[in-house]
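Trainee: My structure is stored as target.txt, with compact mmCIF, C-alpha atoms.
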```
# COMPACT_ATOMS: atom_id res chain seq x y z
CA MET A 1 -4.63 -17.76 3.78
CA PHE A 2 -3.36 -14.36 4.86
CA SER A 3 -3.49 -12.93 1.34
CA GLU A 4 -7.23 -13.56 1.16
CA LYS A 5 -7.71 -11.54 4.34
CA ALA A 6 -5.55 -8.70 3.02
CA ASN A 7 -7.22 -8.57 -0.40
CA THR A 8 -10.67 -8.53 1.21
CA VAL A 9 -9.72 -5.62 3.45
CA PHE A 10 -8.22 -3.70 0.53
CA GLN A 11 -11.32 -4.09 -1.61
CA ASP A 12 -13.48 -2.96 1.31
CA VAL A 13 -11.34 0.15 1.80
CA ILE A 14 -11.62 1.18 -1.85
CA LYS A 15 -15.37 0.55 -1.90
CA THR A 16 -15.82 2.61 1.28
CA TYR A 17 -13.65 5.48 0.02
CA LYS A 18 -15.50 5.65 -3.30
CA VAL A 19 -18.85 6.35 -1.60
CA LEU A 20 -17.81 9.98 -1.02
CA ASN A 21 -14.82 9.79 -3.39
CA THR A 22 -13.01 12.82 -2.02
CA VAL A 23 -9.61 13.24 -0.40
CA ASP A 24 -11.16 15.51 2.25
CA GLN A 25 -13.41 12.87 3.77
CA PRO A 26 -12.75 11.80 7.37
CA PHE A 27 -10.98 8.53 7.99
CA THR A 28 -12.53 5.94 10.29
CA ASN A 29 -10.80 2.60 10.72
CA LYS A 30 -13.32 -0.24 10.79
CA TYR A 31 -11.00 -2.38 12.90
CA ASN A 32 -10.13 -1.83 16.54
CA LYS A 33 -6.36 -2.03 16.94
CA ASN A 34 -6.75 -3.67 20.35
CA GLU A 35 -8.93 -6.44 18.93
CA ASP A 36 -7.44 -7.03 15.46
CA ILE A 37 -4.22 -5.09 15.02
CA ILE A 38 -3.26 -6.56 11.65
CA SER A 39 -6.64 -5.79 10.06
CA HIS A 40 -6.39 -2.31 11.57
CA LEU A 41 -2.99 -1.82 9.92
CA LEU A 42 -4.10 -3.28 6.58
CA TYR A 43 -7.12 -0.99 6.50
CA ARG A 44 -5.00 2.04 7.34
CA LYS A 45 -2.39 1.09 4.75
CA CYS A 46 -4.86 0.83 1.88
CA TRP A 47 -6.65 4.02 2.89
CA ILE A 48 -3.36 5.91 2.65
CA ASP A 49 -2.76 4.41 -0.80
CA THR A 50 -6.28 5.21 -1.98
CA VAL A 51 -6.06 8.86 -0.95
CA GLN A 52 -2.61 9.16 -2.46
CA TRP A 53 -3.87 7.67 -5.74
CA ALA A 54 -6.33 10.57 -5.85
CA TYR A 55 -3.60 13.07 -4.97
CA GLU A 56 -1.49 11.80 -7.86
CA ASP A 57 -4.42 12.26 -10.26
CA ILE A 58 -5.14 15.79 -9.04
CA ILE A 59 -1.57 17.03 -9.23
CA ARG A 60 -1.38 16.02 -12.90
CA ASP A 61 -4.10 18.48 -13.84
CA PRO A 62 -2.34 20.72 -16.42
CA ASN A 63 -4.37 23.69 -15.18
CA ILE A 64 -3.57 23.33 -11.49
CA GLU A 65 -2.44 26.55 -9.84
CA PRO A 66 1.25 26.50 -8.78
CA VAL A 67 0.45 27.31 -5.15
CA ALA A 68 -2.12 24.50 -5.01
CA ALA A 69 0.34 22.13 -6.69
CA LEU A 70 3.03 22.91 -4.13
CA LYS A 71 0.59 22.36 -1.27
CA LEU A 72 -0.45 19.06 -2.79
CA LYS A 73 3.19 18.03 -3.27
CA ARG A 74 3.71 18.53 0.45
CA MET A 75 0.65 16.38 1.14
CA ILE A 76 2.00 13.64 -1.13
CA ASP A 77 5.34 13.75 0.69
CA ALA A 78 3.56 13.38 4.04
CA SER A 79 1.46 10.54 2.65
CA ASN A 80 4.56 8.72 1.42
CA GLN A 81 6.09 8.96 4.88
CA ASP A 82 2.87 7.70 6.45
CA ARG A 83 2.80 4.82 3.97
CA THR A 84 6.38 3.82 4.79
CA ASP A 85 5.76 4.05 8.52
CA THR A 86 2.67 1.86 8.22
CA VAL A 87 4.56 -0.75 6.20
CA GLU A 88 7.16 -0.88 8.95
CA TYR A 89 4.42 -1.29 11.58
CA ILE A 90 3.09 -4.26 9.60
CA ASP A 91 6.54 -5.81 9.49
CA SER A 92 6.84 -5.28 13.25
CA TYR A 93 3.64 -7.29 13.63
CA PHE A 94 5.16 -10.20 11.71
CA LEU A 95 8.48 -9.95 13.55
CA ASP A 96 6.58 -10.30 16.81
CA LYS A 97 4.34 -13.06 15.46
CA TYR A 98 7.28 -15.22 14.38
CA ASN A 99 9.65 -14.19 17.16
CA ASP A 100 9.72 -17.67 18.69
CA VAL A 101 10.41 -19.49 15.41
CA GLN A 102 13.93 -20.87 15.24
CA PRO A 103 15.20 -20.58 11.66
CA LYS A 104 16.73 -23.73 10.21
CA SER A 105 20.47 -23.81 9.67
CA ASP A 106 19.97 -23.45 5.92
CA ALA A 107 17.20 -20.83 6.18
CA LYS A 108 17.37 -18.03 3.64
CA ILE A 109 16.25 -14.44 3.62
CA ASN A 110 13.67 -13.17 1.14
CA SER A 111 14.41 -10.26 -1.19
CA GLU A 112 11.60 -8.25 0.42
CA SER A 113 9.79 -8.42 3.72
CA PRO A 114 6.15 -9.55 4.05
CA ALA A 115 4.93 -5.99 4.55
CA TRP A 116 6.46 -4.75 1.30
CA VAL A 117 4.71 -7.59 -0.54
CA ILE A 118 1.51 -6.44 1.15
CA ASP A 119 2.27 -2.90 -0.01
CA ARG A 120 2.36 -4.15 -3.59
CA LEU A 121 -0.94 -6.00 -3.10
CA SER A 122 -2.59 -2.82 -1.83
CA ILE A 123 -1.45 -0.83 -4.86
CA LEU A 124 -2.51 -3.70 -7.10
CA ALA A 125 -6.04 -3.57 -5.65
CA LEU A 126 -6.23 0.06 -6.73
CA LYS A 127 -4.91 -0.70 -10.20
CA ILE A 128 -7.50 -3.45 -10.61
CA TYR A 129 -10.34 -1.22 -9.43
CA HIS A 130 -9.46 1.65 -11.75
CA MET A 131 -8.65 -0.54 -14.74
CA HIS A 132 -12.04 -2.23 -14.37
CA ILE A 133 -13.68 1.21 -14.50
CA GLU A 134 -11.96 1.78 -17.84
CA THR A 135 -13.47 -1.42 -19.25
CA VAL A 136 -17.04 -0.24 -18.60
CA ARG A 137 -16.84 3.50 -19.27
CA ASP A 138 -19.83 4.67 -21.30
CA ASP A 139 -17.79 7.38 -23.04
CA ALA A 140 -14.90 5.08 -24.00
CA SER A 141 -14.45 3.45 -27.39
CA ASP A 142 -14.71 -0.28 -27.86
CA SER A 143 -11.02 -0.45 -28.68
CA HIS A 144 -10.15 1.37 -25.45
CA LYS A 145 -12.31 -1.00 -23.42
CA ALA A 146 -10.80 -4.03 -25.10
CA ALA A 147 -7.25 -2.81 -24.50
CA CYS A 148 -8.02 -2.11 -20.86
CA GLN A 149 -9.65 -5.53 -20.46
CA LYS A 150 -6.39 -7.15 -21.55
CA LYS A 151 -4.52 -5.09 -18.99
CA LEU A 152 -7.08 -5.99 -16.35
CA ASP A 153 -6.63 -9.69 -17.09
CA VAL A 154 -2.89 -9.31 -16.49
CA LEU A 155 -3.45 -7.42 -13.24
CA LEU A 156 -5.83 -10.10 -11.98
CA GLU A 157 -3.30 -12.79 -12.81
CA GLN A 158 -0.62 -10.77 -11.07
CA ARG A 159 -2.76 -10.59 -7.92
CA VAL A 160 -3.12 -14.37 -7.89
CA ASP A 161 0.63 -14.83 -8.26
CA LEU A 162 1.56 -12.16 -5.71
CA SER A 163 -0.98 -13.48 -3.21
CA SER A 164 0.45 -16.97 -3.57
CA ALA A 165 3.99 -15.64 -3.14
CA LEU A 166 2.98 -13.82 0.06
CA ASP A 167 1.33 -16.89 1.54
CA ASP A 168 4.33 -19.03 0.62
CA LEU A 169 6.69 -16.52 2.25
CA LEU A 170 4.70 -16.44 5.48
CA ASN A 171 4.54 -20.25 5.55
CA ASP A 172 8.30 -20.46 4.98
CA ILE A 173 8.94 -18.02 7.83
CA ALA A 174 6.59 -19.92 10.12
CA SER A 175 8.35 -23.21 9.34
CA GLY A 176 11.85 -21.75 9.70
CA ASP A 177 12.76 -22.20 6.03
CA LYS A 178 13.14 -18.43 5.71
CA TYR A 179 13.77 -15.71 8.23
CA MET A 180 12.83 -12.07 8.48
CA LYS A 181 15.39 -9.33 8.50
CA VAL A 182 13.86 -5.89 8.21
CA TYR A 183 15.75 -2.82 7.09
CA LYS A 184 14.15 0.49 7.97
CA GLN A 185 13.75 2.74 4.95
CA MET A 186 15.71 5.54 6.62
CA LYS A 187 14.26 8.15 4.27
CA MET A 188 16.45 11.23 4.30
CA TYR A 189 14.46 13.91 2.52
CA ASN A 190 11.99 14.48 5.38
CA ASP A 191 14.66 14.62 8.07
CA ASP A 192 15.92 18.10 8.92
CA GLU A 193 19.21 16.61 10.10
CA LEU A 194 19.83 14.64 6.89
CA ASN A 195 18.36 16.82 4.14
CA PRO A 196 20.89 19.63 3.53
CA VAL A 197 18.17 22.01 2.35
CA LEU A 198 16.13 21.55 5.52
CA ARG A 199 19.25 21.61 7.66
CA GLY A 200 20.24 24.93 6.14
CA GLN A 201 16.96 26.45 7.27
CA LYS A 202 17.58 25.69 10.92
```
Let me see the structure of the file written as C-alpha cells.
Mentor:
Amino acid sequence: MFSEKANTVFQDVIKTYKVLNTVDQPFTNKYNKNEDIISHLLYRKCWIDTVQWAYEDIIRDPNIEPVAALKLKRMIDASNQDRTDTVEYIDSYFLDKYNDVQPKSDAKINSESPAWVIDRLSILALKIYHMHIETVRDDASDSHKAACQKKLDVLLEQRVDLSSALDDLLNDIASGDKYMKVYKQMKMYNDDELNPVLRGQK
C-alpha cells in the first residue's frame, strides 16, 4: 500500500532530523530522484514540514527579538511556498502515473488530490512524534501524560483512517472510478505582481 511507504519515509525523516535537532542542519535527501522520484519527493516534503514545525515553535518564544522574529517570519513564508510547490510536484507524479487511465463515465472527483492527503499524513507524523514525547516526559505530571496519551491514541487512529482513505483514493483513480483534477494553489502573497504591497515597491 502506498500509505505504508509514505508513513515509513515520514518517520525516517523525523528520526533523522532529531539526531541534530536544529533548523540549521544541512539537508541530504536519502533518495535519488532519478531512481525513486516519489520517495525523493516524500522525503523532501516531510523534511520541509519538520523544519517548519521547529520554526513555528521558535517564533512563539515570548522573548524573541523583533528583528529575529521578522527574519523567521520570512523563513516560514519561504517554507510554506516550498511546501506548496512540493505538494504540487507530488500531484504531478500521480497525474503522470495515471495518465493512461480512462475514467469511467460515472467517475467522480475527490474533494482533495492525493498529494494534499499526503500533506496531511506528513503533518500527522509530526503530531504523533511530538505527542508521544509528551507522554514520556520526566518533568511532566501524571495527569499531563495521561491527557496526552488520550490525544496520541486519537492521532494514531486518525493515521490509520487517513492512510486507508489515501490508498482507497489511489485505487479508485487507478481503476477509473475517480479522476484527478488538480488546481494549483496560485498563492498571491509571494507574487510581486499580485500582492499590492510588493507591487508598490517595484
Trainee: So, with all atoms listed in the file as the atoms that count, which of A:Ser175, A:Ser39, A:Thr28, A:Thr16 lies closest to A:Lys108?
Mentor: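 Counting all atoms listed in the file, the residue closest to A:Lys108 is A:Ser175.
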Trainee: Can you list, as a list of chain:residue names, every protein, DNA or RNA residue that comes within 9 Å of A:Val182 when you count all atoms listed in the file, leaving out same-chain residues fewer than 6 positions away?
Mentor: A:Glu88, A:Asp91, A:Ser92, A:Leu95, A:Glu112, A:Ser113
Trainee: Please dump the current selection as a short mmCIF file (atom, residue, chain, number, x, y, z; two decimals), in the frame of the given file; keep C-alpha atoms.
Mentor:
```cif
data_model
loop_
_atom_site.label_atom_id
_atom_site.label_comp_id
_atom_site.auth_asym_id
_atom_site.auth_seq_id
_atom_site.Cartn_x
_atom_site.Cartn_y
_atom_site.Cartn_z
CA GLU A 88 7.16 -0.88 8.95
CA ASP A 91 6.54 -5.81 9.49
CA SER A 92 6.84 -5.28 13.25
CA LEU A 95 8.48 -9.95 13.55
CA GLU A 112 11.60 -8.25 0.42
CA SER A 113 9.79 -8.42 3.72
#
```
Trainee: Go ahead and compute the interatomic distance for atom CA of A:Asp24 and atom CA of A:Trp53, in Å to one decimal.
Mentor: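 Distance between the two atoms: 13.4 Å.
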Trainee: Could you work out how far atom CA of A:Pro103 lies from atom CA of A:Lys178, giving the answer in Å with one decimal?
Mentor: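 About the pair atom CA of A:Lys178 and atom CA of A:Pro103: they are 6.7 Å apart.
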Trainee: Neighbours of stretch 130-139 of chain A within 12 Å (only C-alpha atoms; same-chain residues fewer than 5 positions away dropped), as a PyMOL selection string?
Mentor: chain A and resi 11+14-15+18+50+53-54+57+123-125+144-156
Trainee: Using all atoms listed in the file, determine which residues lie at most 8 Å from A:Phe10, disregarding the query and same-chain residues fewer than 5 positions distant; provide the list as a list of chain:residue names.
Mentor: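 After dropping sequence-adjacent residues, the list is A:Leu42, A:Tyr43, A:Cys46, A:Ser122, A:Ala125.
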Trainee: What's around stretch 81-83 of chain A at 9 Å? Count only C-alpha atoms, leave out sequence neighbours fewer than 3 positions away in its own chain, and write the answer as a list in words.
Mentor: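 Near stretch 81-83 of chain A, the qualifying residues are Arg44, Lys45, Cys46, Ile48, Asp49, Ile76, Asp77, Ala78, Thr86, Val87, Glu88, Asp119, Lys187 and Asn190 of chain A.
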Trainee: Can you measure atom CA of A:Asp161 to atom CA of A:Asp12 for me? One decimal in Å is fine.
Mentor: 20.8 Å
Trainee: With 10 Å as the threshold, what does the neighbourhood of (3.2, -14.9, -1.4) contain in terms of residues, counting only C-alpha atoms? Coordinates are those of the file; answer as an NGL selection string.
Mentor: :A and (1-3 or 114 or 117-118 or 121 or 159-172)
Trainee: So, counting all atoms listed in the file, which residue among A:Ile128, A:Pro66, A:Asn80, A:Ile90 is closest to A:Glu157?
Mentor: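 Closest candidate: A:Ile128.
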